[in-house]
file input.txt (compact mmCIF, C-alpha atoms)
# COMPACT_ATOMS: atom_id res chain seq x y z
CA MET Q 1 0.00 0.00 0.00
CA SER Q 2 1.38 3.43 -0.93
CA ILE Q 3 1.30 6.49 1.31
CA GLY Q 4 -1.25 8.12 -0.99
CA ASP Q 5 -3.61 5.17 -0.52
CA LEU Q 6 -3.03 5.22 3.22
CA ILE Q 7 -4.19 8.80 3.67
CA LYS Q 8 -6.66 8.70 0.74
CA GLN Q 9 -4.77 11.44 -1.04
CA LYS Q 10 -6.95 13.97 -2.87
CA THR Q 11 -6.24 14.86 -6.48
CA TYR Q 12 -5.02 18.39 -5.67
CA GLU Q 13 -2.95 17.23 -2.71
CA ARG Q 14 0.83 16.87 -2.77
CA ILE Q 15 2.84 15.31 0.05
CA ALA Q 16 5.31 17.85 1.45
CA TYR Q 17 6.77 15.81 4.32
CA PHE Q 18 6.67 12.19 5.39
CA LEU Q 19 8.16 12.05 8.87
CA HIS Q 20 9.30 9.29 11.19
CA ARG Q 21 10.87 9.64 14.59
CA ASN Q 22 14.60 10.29 14.40
CA PHE Q 23 16.44 6.95 14.23
CA VAL Q 24 18.83 8.02 17.00
CA THR Q 25 15.97 7.54 19.50
CA PHE Q 26 15.87 3.86 18.51
CA ILE Q 27 19.55 3.21 19.32
CA PRO Q 28 18.92 2.53 23.08
CA ILE Q 29 16.58 -0.32 22.05
CA ILE Q 30 19.32 -1.78 19.82
CA PHE Q 31 21.68 -1.73 22.82
CA LEU Q 32 19.01 -3.33 25.01
CA PHE Q 33 18.54 -6.02 22.34
CA ILE Q 34 22.29 -6.76 22.32
CA ILE Q 35 22.38 -6.92 26.16
CA LEU Q 36 19.40 -9.30 26.21
CA LEU Q 37 21.17 -11.51 23.65
CA ILE Q 38 24.37 -11.59 25.71
CA ALA Q 39 22.53 -12.22 29.02
CA PRO Q 40 22.02 -16.02 28.52
CA THR Q 41 25.80 -16.49 28.20
CA VAL Q 42 26.29 -14.90 31.64
CA VAL Q 43 23.33 -16.78 33.13
CA GLY Q 44 24.63 -20.04 31.60
CA TYR Q 45 28.04 -19.48 33.16
CA LEU Q 46 26.46 -18.82 36.58
CA LEU Q 47 24.24 -21.90 36.31
CA ARG Q 48 27.22 -24.03 35.39
CA SER Q 49 29.14 -22.68 38.39
CA PHE Q 50 26.39 -23.07 41.00
CA PHE Q 51 24.22 -25.92 39.72
CA LEU Q 52 26.79 -28.21 38.12
CA PRO Q 53 25.05 -31.59 38.85
CA TRP Q 54 21.76 -30.26 37.55
CA TRP Q 55 23.47 -28.71 34.53
CA GLU Q 56 25.26 -31.95 33.60
CA ASN Q 57 22.14 -34.10 33.84
CA PRO Q 58 21.43 -35.10 30.19
CA LEU Q 59 17.72 -35.21 30.93
CA TYR Q 60 17.58 -31.49 31.68
CA GLN Q 61 19.60 -30.44 28.64
CA PRO Q 62 16.71 -30.56 26.14
CA LEU Q 63 14.68 -28.39 28.52
CA MET Q 64 17.48 -25.86 28.68
CA ILE Q 65 17.83 -25.85 24.89
CA LEU Q 66 14.09 -25.30 24.42
CA PHE Q 67 14.07 -22.58 27.08
CA ALA Q 68 17.09 -20.81 25.52
CA SER Q 69 15.49 -21.04 22.08
CA ALA Q 70 12.16 -19.63 23.37
CA TYR Q 71 14.05 -16.86 25.15
CA LEU Q 72 16.00 -15.81 22.03
CA LEU Q 73 12.87 -15.88 19.87
CA SER Q 74 11.00 -13.81 22.48
CA VAL Q 75 13.78 -11.22 22.49
CA ALA Q 76 13.69 -11.08 18.67
CA LEU Q 77 9.90 -10.71 18.71
CA PHE Q 78 10.09 -7.95 21.33
CA PHE Q 79 12.69 -6.10 19.26
CA PHE Q 80 10.75 -6.48 16.01
CA SER Q 81 7.43 -5.42 17.62
CA TYR Q 82 9.11 -2.39 19.16
CA PHE Q 83 10.65 -1.48 15.82
CA VAL Q 84 7.26 -1.73 14.07
CA ALA Q 85 5.61 0.47 16.73
CA PHE Q 86 8.52 2.92 16.39
CA TYR Q 87 8.60 2.93 12.60
CA LEU Q 88 4.86 3.23 12.09
CA ASP Q 89 4.60 6.40 14.14
CA VAL Q 90 4.28 8.60 11.09
CA TRP Q 91 3.34 12.20 10.36
CA ILE Q 92 2.34 13.09 6.83
CA ILE Q 93 2.16 16.76 5.92
CA THR Q 94 0.55 17.69 2.64
CA ASN Q 95 -0.31 21.12 1.24
CA ASP Q 96 -3.82 20.64 2.72
CA ARG Q 97 -3.58 18.75 6.01
CA LEU Q 98 -1.47 17.00 8.60
CA VAL Q 99 -2.10 13.31 9.29
CA ASP Q 100 -0.87 11.90 12.59
CA ILE Q 101 -0.59 8.09 12.64
CA ARG Q 102 0.41 6.67 16.01
CA GLN Q 103 1.14 2.97 16.34
CA VAL Q 104 0.73 2.71 20.12
CA SER Q 105 1.32 -1.04 20.24
CA LEU Q 106 0.90 -4.03 17.95
CA PHE Q 107 -2.90 -4.00 18.28
CA SER Q 108 -3.50 -0.30 18.88
CA ARG Q 109 -3.30 2.51 16.31
CA THR Q 110 -4.59 6.08 16.40
CA ILE Q 111 -5.02 8.22 13.28
CA ALA Q 112 -5.90 11.90 13.55
CA GLU Q 113 -5.74 14.71 11.02
CA VAL Q 114 -6.10 18.45 10.93
CA ASP Q 115 -6.51 20.89 8.05
CA LEU Q 116 -3.47 23.12 7.86
CA TYR Q 117 -5.56 26.32 7.87
CA GLN Q 118 -6.79 25.35 11.38
CA ILE Q 119 -3.28 25.43 12.84
CA GLN Q 120 -3.07 28.43 15.18
CA ASP Q 121 0.27 28.07 16.83
CA ALA Q 122 3.39 25.91 16.53
CA THR Q 123 6.15 25.38 19.07
CA SER Q 124 9.32 23.39 18.57
CA GLU Q 125 11.54 22.10 21.34
CA VAL Q 126 14.95 20.45 21.37
CA LYS Q 127 15.59 19.08 24.83
CA GLY Q 128 18.58 17.15 26.12
CA PHE Q 129 22.18 16.38 25.19
CA TRP Q 130 21.60 13.86 22.41
CA ALA Q 131 18.66 15.83 20.98
CA SER Q 132 20.88 18.92 20.72
CA ILE Q 133 23.72 16.99 19.10
CA PHE Q 134 21.59 15.12 16.58
CA ASN Q 135 19.09 17.96 16.14
CA TYR Q 136 15.79 16.27 16.85
CA GLY Q 137 12.87 17.23 19.06
CA ASN Q 138 9.13 17.72 19.41
CA ILE Q 139 6.78 20.08 17.63
CA HIS Q 140 3.58 21.11 19.44
CA LEU Q 141 0.76 22.31 17.23
CA GLN Q 142 -2.25 24.17 18.61
CA THR Q 143 -5.25 23.85 16.33
CA ALA Q 144 -8.82 25.12 16.05
CA GLY Q 145 -9.99 21.66 14.97
CA PRO Q 146 -11.64 18.88 16.97
CA VAL Q 147 -8.21 17.65 18.09
CA PRO Q 148 -6.85 20.76 19.82
CA ARG Q 149 -3.24 19.69 20.15
CA PHE Q 150 -0.90 17.68 17.93
CA ILE Q 151 2.56 16.61 18.95
CA LEU Q 152 5.17 15.43 16.47
CA TYR Q 153 7.60 13.43 18.58
CA ASN Q 154 11.37 13.35 18.04
CA VAL Q 155 11.34 14.58 14.46
CA THR Q 156 14.54 15.66 12.75
CA ASN Q 157 15.26 19.40 12.52
CA PRO Q 158 12.13 20.57 14.40
CA ASN Q 159 12.85 24.31 14.18
CA HIS Q 160 13.07 24.27 10.39
CA LEU Q 161 10.04 21.99 10.18
CA ARG Q 162 7.95 24.29 12.40
CA GLU Q 163 8.67 27.18 10.02
CA LYS Q 164 7.72 25.07 7.00
CA ILE Q 165 4.46 23.95 8.67
CA LEU Q 166 3.56 27.57 9.43
CA ASP Q 167 4.36 28.53 5.80
CA LEU Q 168 2.15 25.72 4.49
CA SER Q 169 -0.57 26.74 6.96
CA ALA Q 170 -0.40 30.36 5.77
CA GLU Q 171 -0.73 29.25 2.14
CA ASP Q 172 -3.72 27.07 3.02
CA LYS Q 173 -5.35 29.95 4.93
CA LYS Q 174 -5.00 32.17 1.82
CA PHE Q 175 -6.71 29.49 -0.24
CA HIS Q 176 -9.59 29.11 2.27
CA ASN Q 177 -10.08 32.90 2.63
CA LYS Q 178 -10.65 33.36 -1.10
CA MET Y 1 6.12 -36.08 46.27
CA LEU Y 2 7.56 -37.34 42.98
CA ILE Y 3 6.02 -35.99 39.78
CA SER Y 4 6.87 -37.62 36.45
CA ILE Y 5 6.29 -35.72 33.21
CA PRO Y 6 7.22 -37.08 29.76
CA LEU Y 7 9.76 -34.95 27.96
CA TYR Y 8 7.48 -34.43 24.95
CA ALA Y 9 5.11 -32.36 27.12
CA PHE Y 10 7.75 -29.62 27.08
CA LEU Y 11 8.08 -30.02 23.33
CA PHE Y 12 4.33 -29.37 22.96
CA ALA Y 13 4.65 -26.29 25.17
CA TYR Y 14 7.51 -25.09 22.92
CA LEU Y 15 5.42 -25.70 19.81
CA ALA Y 16 2.55 -23.70 21.35
CA PHE Y 17 5.03 -20.87 21.95
CA LEU Y 18 6.24 -21.14 18.33
CA THR Y 19 2.66 -20.82 17.07
CA ILE Y 20 2.18 -17.59 19.06
CA PHE Y 21 5.60 -16.37 17.87
CA VAL Y 22 4.72 -16.93 14.20
CA ILE Y 23 1.31 -15.22 14.56
CA PHE Y 24 2.85 -12.11 16.15
CA PHE Y 25 5.74 -12.06 13.68
CA VAL Y 26 3.42 -12.24 10.67
CA PHE Y 27 1.17 -9.59 12.23
CA ASN Y 28 4.15 -7.24 12.45
CA ILE Y 29 5.02 -7.79 8.79
CA VAL Y 30 1.38 -7.27 7.73
CA HIS Y 31 1.36 -4.01 9.72
CA LEU Y 32 4.47 -2.80 7.91
CA MET Y 33 2.99 -3.65 4.50
CA HIS Y 34 -0.44 -2.11 5.19
CA THR Y 35 0.89 1.13 6.59
CA GLY Y 36 3.22 2.06 3.78
CA GLY Y 37 6.21 1.00 5.83
CA THR Y 38 7.91 -1.03 3.12
CA THR Y 39 11.20 0.82 2.86
CA MET Y 40 14.83 -0.29 2.81
CA VAL Y 41 15.11 0.21 6.59
CA SER Y 42 12.05 -1.89 7.41
CA PHE Y 43 13.12 -4.48 4.81
CA ALA Y 44 16.61 -4.74 6.34
CA ILE Y 45 15.25 -5.12 9.89
CA THR Y 46 12.65 -7.69 8.77
CA VAL Y 47 15.23 -9.77 6.89
CA SER Y 48 17.59 -9.59 9.91
CA MET Y 49 14.84 -10.78 12.26
CA VAL Y 50 13.76 -13.58 9.90
CA ALA Y 51 17.39 -14.70 9.57
CA PHE Y 52 17.88 -14.56 13.35
CA ALA Y 53 14.71 -16.61 13.96
CA ALA Y 54 15.69 -19.11 11.23
CA PHE Y 55 19.19 -19.60 12.73
CA THR Y 56 17.75 -20.00 16.24
CA LEU Y 57 15.22 -22.59 15.05
CA PHE Y 58 17.86 -24.41 12.99
CA PHE Y 59 20.29 -24.69 15.91
CA THR Y 60 17.46 -25.72 18.22
CA TRP Y 61 16.51 -28.49 15.82
CA VAL Y 62 20.15 -29.64 15.41
CA SER Y 63 20.55 -29.71 19.21
CA VAL Y 64 17.40 -31.69 20.03
CA ARG Y 65 16.90 -33.96 17.00
CA ASN Y 66 18.51 -37.06 18.62
CA ILE Y 67 16.67 -36.81 21.92
CA ASP Y 68 14.28 -39.52 23.02
CA TRP Y 69 11.22 -37.43 23.83
CA LYS Y 70 9.38 -40.34 25.45
CA GLN Y 71 11.63 -40.59 28.47
CA PRO Y 72 10.06 -39.20 31.64
CA ILE Y 73 11.52 -36.38 33.65
CA GLU Y 74 10.99 -36.53 37.41
CA PHE Y 75 10.60 -33.63 39.80
CA ASN Y 76 10.86 -34.15 43.52
CA ILE Y 77 8.51 -31.62 45.09
CA ALA Y 78 8.98 -31.22 48.83
CA ASN Y 79 5.79 -31.09 50.86
CA ASN Y 80 6.03 -27.65 52.46
CA PHE Y 81 2.55 -27.77 53.91
CA SER Y 82 3.24 -30.37 56.54
CA THR Y 83 0.52 -31.12 59.05
CA ASN Y 84 3.00 -32.25 61.70
CA TYR Y 85 3.10 -29.62 64.43
call {"tool": "encode", "arguments": {"input": "input.txt", "output": "structure tokens"}}
result
Amino acid sequence: MSIGDLIKQKTYERIAYFLHRNFVTFIPIIFLFIILLIAPTVVGYLLRSFFLPWWENPLYQPLMILFASAYLLSVALFFFSYFVAFYLDVWIITNDRLVDIRQVSLFSRTIAEVDLYQIQDATSEVKGFWASIFNYGNIHLQTAGPVPRFILYNVTNPNHLREKILDLSAEDKKFHNK
Amino acid sequence: MLISIPLYAFLFAYLAFLTIFVIFFVFNIVHLMHTGGTTMVSFAITVSMVAFAAFTLFFTWVSVRNIDWKQPIEFNIANNFSTNY
């Protein structure tokens, strides 16, 4: 499915921005994934040290193999599910509207949209050491629509993007005031 | 109290886990495809995860293929709720 199909793009509409969260914010999860993969080696060493007779019993070995396999697959599934939830948090800005798609979890998704001419105020914030270095942050949008507040989380170059959103909003207002 | 459980009972539990794993994994891929998330990044992560799962399953199979699953495994459960006062 294309992005146009996803948002039911109108004929006069052109997509100006298609935004994900900045990938830097996903790096801690990659580190957590690596730590969780290394953890069984440490646990195995401790088990071997403290429970040697139990460890060497050939009857328990298949159980340990099955448990280790289930553990590794669970870690992979956790990582993949987290990536999907991360990657499918998307903001699509066209010359007419802003569509906010939030993948809260595997079975929970929220989609909201606002016409650009309804945007009243935009605030961008870059908070923290890593956010300042890699230039990502949040944009808060105040609207006159049914959803009064939109937040674009951890998008790249938020200050520049805020200006562009306000420019697009001004253009849309001109069109609607005709 | 001595409890005896055949080894294949754990294999069935593992297979039940695998079923859930596959359902969730496929659901994730379907999500990516239906939400316009089919890009090089999502493709690379998906392929990595499929490869990781395939290697894990392969090594699991190699490790357990010669095991006699009919042999019983016995657990000695101590009776902690003694009635002797």
call {"tool": "atom_distance", "arguments": {"input": "input.txt", "atom1": "CA of Leu7 (chain Y)", "atom2": "CA of Trp69 (chain Y)"}}
result
5.0 Å
call {"tool": "closest_atom_pairs", "arguments": {"input": "input.txt", "of": "chain Q", "to": "chain Y", "cutoff": "10 Å", "atoms": "all atoms listed in the file", "output": "JSON lines"}}
result
{"residue": "Q:Met1", "atom": "CA", "partner": "Y:Gly36", "partner_atom": "CA", "distance": 5.4}
{"residue": "Q:Ser2", "atom": "CA", "partner": "Y:Gly36", "partner_atom": "CA", "distance": 5.2}
{"residue": "Q:Ile3", "atom": "CA", "partner": "Y:Gly36", "partner_atom": "CA", "distance": 5.4}
{"residue": "Q:Gly4", "atom": "CA", "partner": "Y:Gly36", "partner_atom": "CA", "distance": 8.9}
{"residue": "Q:Asp5", "atom": "CA", "partner": "Y:Gly36", "partner_atom": "CA", "distance": 8.6}
{"residue": "Q:Leu6", "atom": "CA", "partner": "Y:Thr35", "partner_atom": "CA", "distance": 6.6}
{"residue": "Q:Ile7", "atom": "CA", "partner": "Y:Thr35", "partner_atom": "CA", "distance": 9.7}
{"residue": "Q:Pro58", "atom": "CA", "partner": "Y:Ile67", "partner_atom": "CA", "distance": 9.7}
{"residue": "Q:Leu59", "atom": "CA", "partner": "Y:Ile73", "partner_atom": "CA", "distance": 6.9}
{"residue": "Q:Tyr60", "atom": "CA", "partner": "Y:Ile73", "partner_atom": "CA", "distance": 8.0}
{"residue": "Q:Gln61", "atom": "CA", "partner": "Y:Val64", "partner_atom": "CA", "distance": 9.0}
{"residue": "Q:Pro62", "atom": "CA", "partner": "Y:Val64", "partner_atom": "CA", "distance": 6.3}
{"residue": "Q:Leu63", "atom": "CA", "partner": "Y:Phe10", "partner_atom": "CA", "distance": 7.2}
{"residue": "Q:Ile65", "atom": "CA", "partner": "Y:Thr60", "partner_atom": "CA", "distance": 6.7}
{"residue": "Q:Leu66", "atom": "CA", "partner": "Y:Tyr14", "partner_atom": "CA", "distance": 6.8}
{"residue": "Q:Phe67", "atom": "CA", "partner": "Y:Tyr14", "partner_atom": "CA", "distance": 8.2}
{"residue": "Q:Ala68", "atom": "CA", "partner": "Y:Thr60", "partner_atom": "CA", "distance": 8.8}
{"residue": "Q:Ser69", "atom": "CA", "partner": "Y:Thr56", "partner_atom": "CA", "distance": 6.3}
{"residue": "Q:Ala70", "atom": "CA", "partner": "Y:Tyr14", "partner_atom": "CA", "distance": 7.2}
{"residue": "Q:Leu72", "atom": "CA", "partner": "Y:Thr56", "partner_atom": "CA", "distance": 7.4}
{"residue": "Q:Leu73", "atom": "CA", "partner": "Y:Ala53", "partner_atom": "CA", "distance": 6.2}
{"residue": "Q:Ser74", "atom": "CA", "partner": "Y:Phe21", "partner_atom": "CA", "distance": 7.5}
{"residue": "Q:Ala76", "atom": "CA", "partner": "Y:Met49", "partner_atom": "CA", "distance": 6.5}
{"residue": "Q:Leu77", "atom": "CA", "partner": "Y:Phe25", "partner_atom": "CA", "distance": 6.7}
{"residue": "Q:Phe78", "atom": "CA", "partner": "Y:Phe25", "partner_atom": "CA", "distance": 9.7}
{"residue": "Q:Phe79", "atom": "CA", "partner": "Y:Met49", "partner_atom": "CA", "distance": 8.7}
{"residue": "Q:Phe80", "atom": "CA", "partner": "Y:Met49", "partner_atom": "CA", "distance": 7.0}
{"residue": "Q:Ser81", "atom": "CA", "partner": "Y:Asn28", "partner_atom": "CA", "distance": 6.4}
{"residue": "Q:Tyr82", "atom": "CA", "partner": "Y:Asn28", "partner_atom": "CA", "distance": 9.7}
{"residue": "Q:Phe83", "atom": "CA", "partner": "Y:Ile45", "partner_atom": "CA", "distance": 8.3}
{"residue": "Q:Val84", "atom": "CA", "partner": "Y:Asn28", "partner_atom": "CA", "distance": 6.5}
{"residue": "Q:Ala85", "atom": "CA", "partner": "Y:Asn28", "partner_atom": "CA", "distance": 8.9}
{"residue": "Q:Tyr87", "atom": "CA", "partner": "Y:Gly37", "partner_atom": "CA", "distance": 7.4}
{"residue": "Q:Leu88", "atom": "CA", "partner": "Y:Gly37", "partner_atom": "CA", "distance": 6.8}
{"residue": "Q:Asp89", "atom": "CA", "partner": "Y:Thr35", "partner_atom": "CA", "distance": 9.9}
{"residue": "Q:Val90", "atom": "CA", "partner": "Y:Thr35", "partner_atom": "CA", "distance": 9.4}
{"residue": "Q:Ile101", "atom": "CA", "partner": "Y:Thr35", "partner_atom": "CA", "distance": 9.3}
{"residue": "Q:Gln103", "atom": "CA", "partner": "Y:His31", "partner_atom": "CA", "distance": 9.6}
{"residue": "Q:Leu106", "atom": "CA", "partner": "Y:Asn28", "partner_atom": "CA", "distance": 7.1}
{"residue": "Q:Phe107", "atom": "CA", "partner": "Y:Phe27", "partner_atom": "CA", "distance": 9.2}
call {"tool": "atom_distance", "arguments": {"input": "input.txt", "atom1": "CA of Thr25 (chain Q)", "atom2": "CA of Ile119 (chain Q)"}}
result
27.1 Å
call {"tool": "residues_around", "arguments": {"input": "input.txt", "residues": "region 159-176 of chain Q", "least_positions_apart": "3", "cutoff": "8 Å", "atoms": "all atoms listed in the file", "output": "ChimeraX atom specification"}}
result
/Q:95-96,116-119,122-125,139
call {"tool": "atom_distance", "arguments": {"input": "input.txt", "atom1": "CA of Ala44 (chain Y)", "atom2": "CA of Val24 (chain Q)"}}
result
16.8 Å
call {"tool": "axis_aligned_box", "arguments": {"input": "input.txt", "around": "region 31-40 of chain Y", "padding_each_side": "8 Å", "output": "AutoDock Vina command-line options"}}
result
--center_x 7.2 --center_y -1.0 --center_z 6.3 --size_x 31.3 --size_y 22.1 --size_z 22.9
call {"tool": "residues_around", "arguments": {"input": "input.txt", "residues": "Lys127 (chain Q)", "least_positions_apart": "4", "cutoff": "8 Å", "atoms": "all atoms listed in the file", "output": "PyMOL selection string"}}
result
chain Q and resi 131-132+137
call {"tool": "closest_residue", "arguments": {"input": "input.txt", "among": "Q:Pro28, Q:Gly145, Q:Pro158, Q:Gly44", "to": "Val114 (chain Q)", "atoms": "only C-alpha atoms"}}
result
Q:Gly145
call {"tool": "build_atoms", "arguments": {"input": "input.txt", "residues": "region 130-156 of chain Q", "atoms": "N, CA and C atoms", "output": "short mmCIF file (atom, residue, chain, number, x, y, z; two decimals), in the frame of the given file"}}
result
data_model
loop_
_atom_site.label_atom_id
_atom_site.label_comp_id
_atom_site.auth_asym_id
_atom_site.auth_seq_id
_atom_site.Cartn_x
_atom_site.Cartn_y
_atom_site.Cartn_z
N TRP Q 130 21.59 14.57 23.69
CA TRP Q 130 21.60 13.86 22.41
C TRP Q 130 20.72 14.56 21.39
N ALA Q 131 19.58 15.12 21.88
CA ALA Q 131 18.66 15.83 20.98
C ALA Q 131 19.36 17.06 20.38
N SER Q 132 20.17 17.74 21.21
CA SER Q 132 20.88 18.92 20.72
C SER Q 132 21.97 18.53 19.72
N ILE Q 133 22.65 17.42 20.00
CA ILE Q 133 23.72 16.99 19.10
C ILE Q 133 23.16 16.52 17.76
N PHE Q 134 22.12 15.70 17.82
CA PHE Q 134 21.59 15.12 16.58
C PHE Q 134 20.41 15.92 16.01
N ASN Q 135 20.10 17.04 16.64
CA ASN Q 135 19.09 17.96 16.14
C ASN Q 135 17.73 17.30 15.89
N TYR Q 136 17.16 16.77 16.94
CA TYR Q 136 15.79 16.27 16.85
C TYR Q 136 15.01 16.76 18.07
N GLY Q 137 13.70 16.76 17.95
CA GLY Q 137 12.87 17.23 19.06
C GLY Q 137 11.39 17.17 18.72
N ASN Q 138 10.59 17.77 19.57
CA ASN Q 138 9.13 17.72 19.41
C ASN Q 138 8.61 19.02 18.81
N ILE Q 139 7.50 18.89 18.11
CA ILE Q 139 6.78 20.08 17.63
C ILE Q 139 5.36 20.00 18.19
N HIS Q 140 4.94 21.05 18.89
CA HIS Q 140 3.58 21.11 19.44
C HIS Q 140 2.75 22.03 18.55
N LEU Q 141 1.63 21.51 18.10
CA LEU Q 141 0.76 22.31 17.23
C LEU Q 141 -0.57 22.55 17.94
N GLN Q 142 -0.95 23.81 18.03
CA GLN Q 142 -2.25 24.17 18.61
C GLN Q 142 -3.20 24.39 17.43
N THR Q 143 -4.35 23.74 17.47
CA THR Q 143 -5.25 23.85 16.33
C THR Q 143 -6.64 24.32 16.77
N ALA Q 144 -7.43 24.74 15.79
CA ALA Q 144 -8.82 25.12 16.05
C ALA Q 144 -9.76 23.96 15.67
N GLY Q 145 -9.19 22.82 15.38
CA GLY Q 145 -9.99 21.66 14.97
C GLY Q 145 -10.47 20.85 16.16
N PRO Q 146 -11.13 19.72 15.89
CA PRO Q 146 -11.64 18.88 16.97
C PRO Q 146 -10.54 18.27 17.85
N VAL Q 147 -9.35 18.09 17.26
CA VAL Q 147 -8.21 17.65 18.09
C VAL Q 147 -7.38 18.90 18.36
N PRO Q 148 -7.44 19.44 19.59
CA PRO Q 148 -6.85 20.76 19.82
C PRO Q 148 -5.32 20.80 19.82
N ARG Q 149 -4.70 19.66 20.03
CA ARG Q 149 -3.24 19.69 20.15
C ARG Q 149 -2.62 18.48 19.43
N PHE Q 150 -1.66 18.75 18.60
CA PHE Q 150 -0.90 17.68 17.93
C PHE Q 150 0.54 17.78 18.39
N ILE Q 151 1.14 16.61 18.60
CA ILE Q 151 2.56 16.61 18.95
C ILE Q 151 3.30 15.69 17.98
N LEU Q 152 4.30 16.23 17.34
CA LEU Q 152 5.17 15.43 16.47
C LEU Q 152 6.41 15.10 17.30
N TYR Q 153 6.56 13.83 17.64
CA TYR Q 153 7.60 13.43 18.58
C TYR Q 153 8.93 13.14 17.87
N ASN Q 154 9.99 13.69 18.44
CA ASN Q 154 11.37 13.35 18.04
C ASN Q 154 11.61 13.40 16.53
N VAL Q 155 11.11 14.44 15.90
CA VAL Q 155 11.34 14.58 14.46
C VAL Q 155 12.66 15.31 14.23
N THR Q 156 13.25 15.04 13.08
CA THR Q 156 14.54 15.66 12.75
C THR Q 156 14.33 17.13 12.38
#
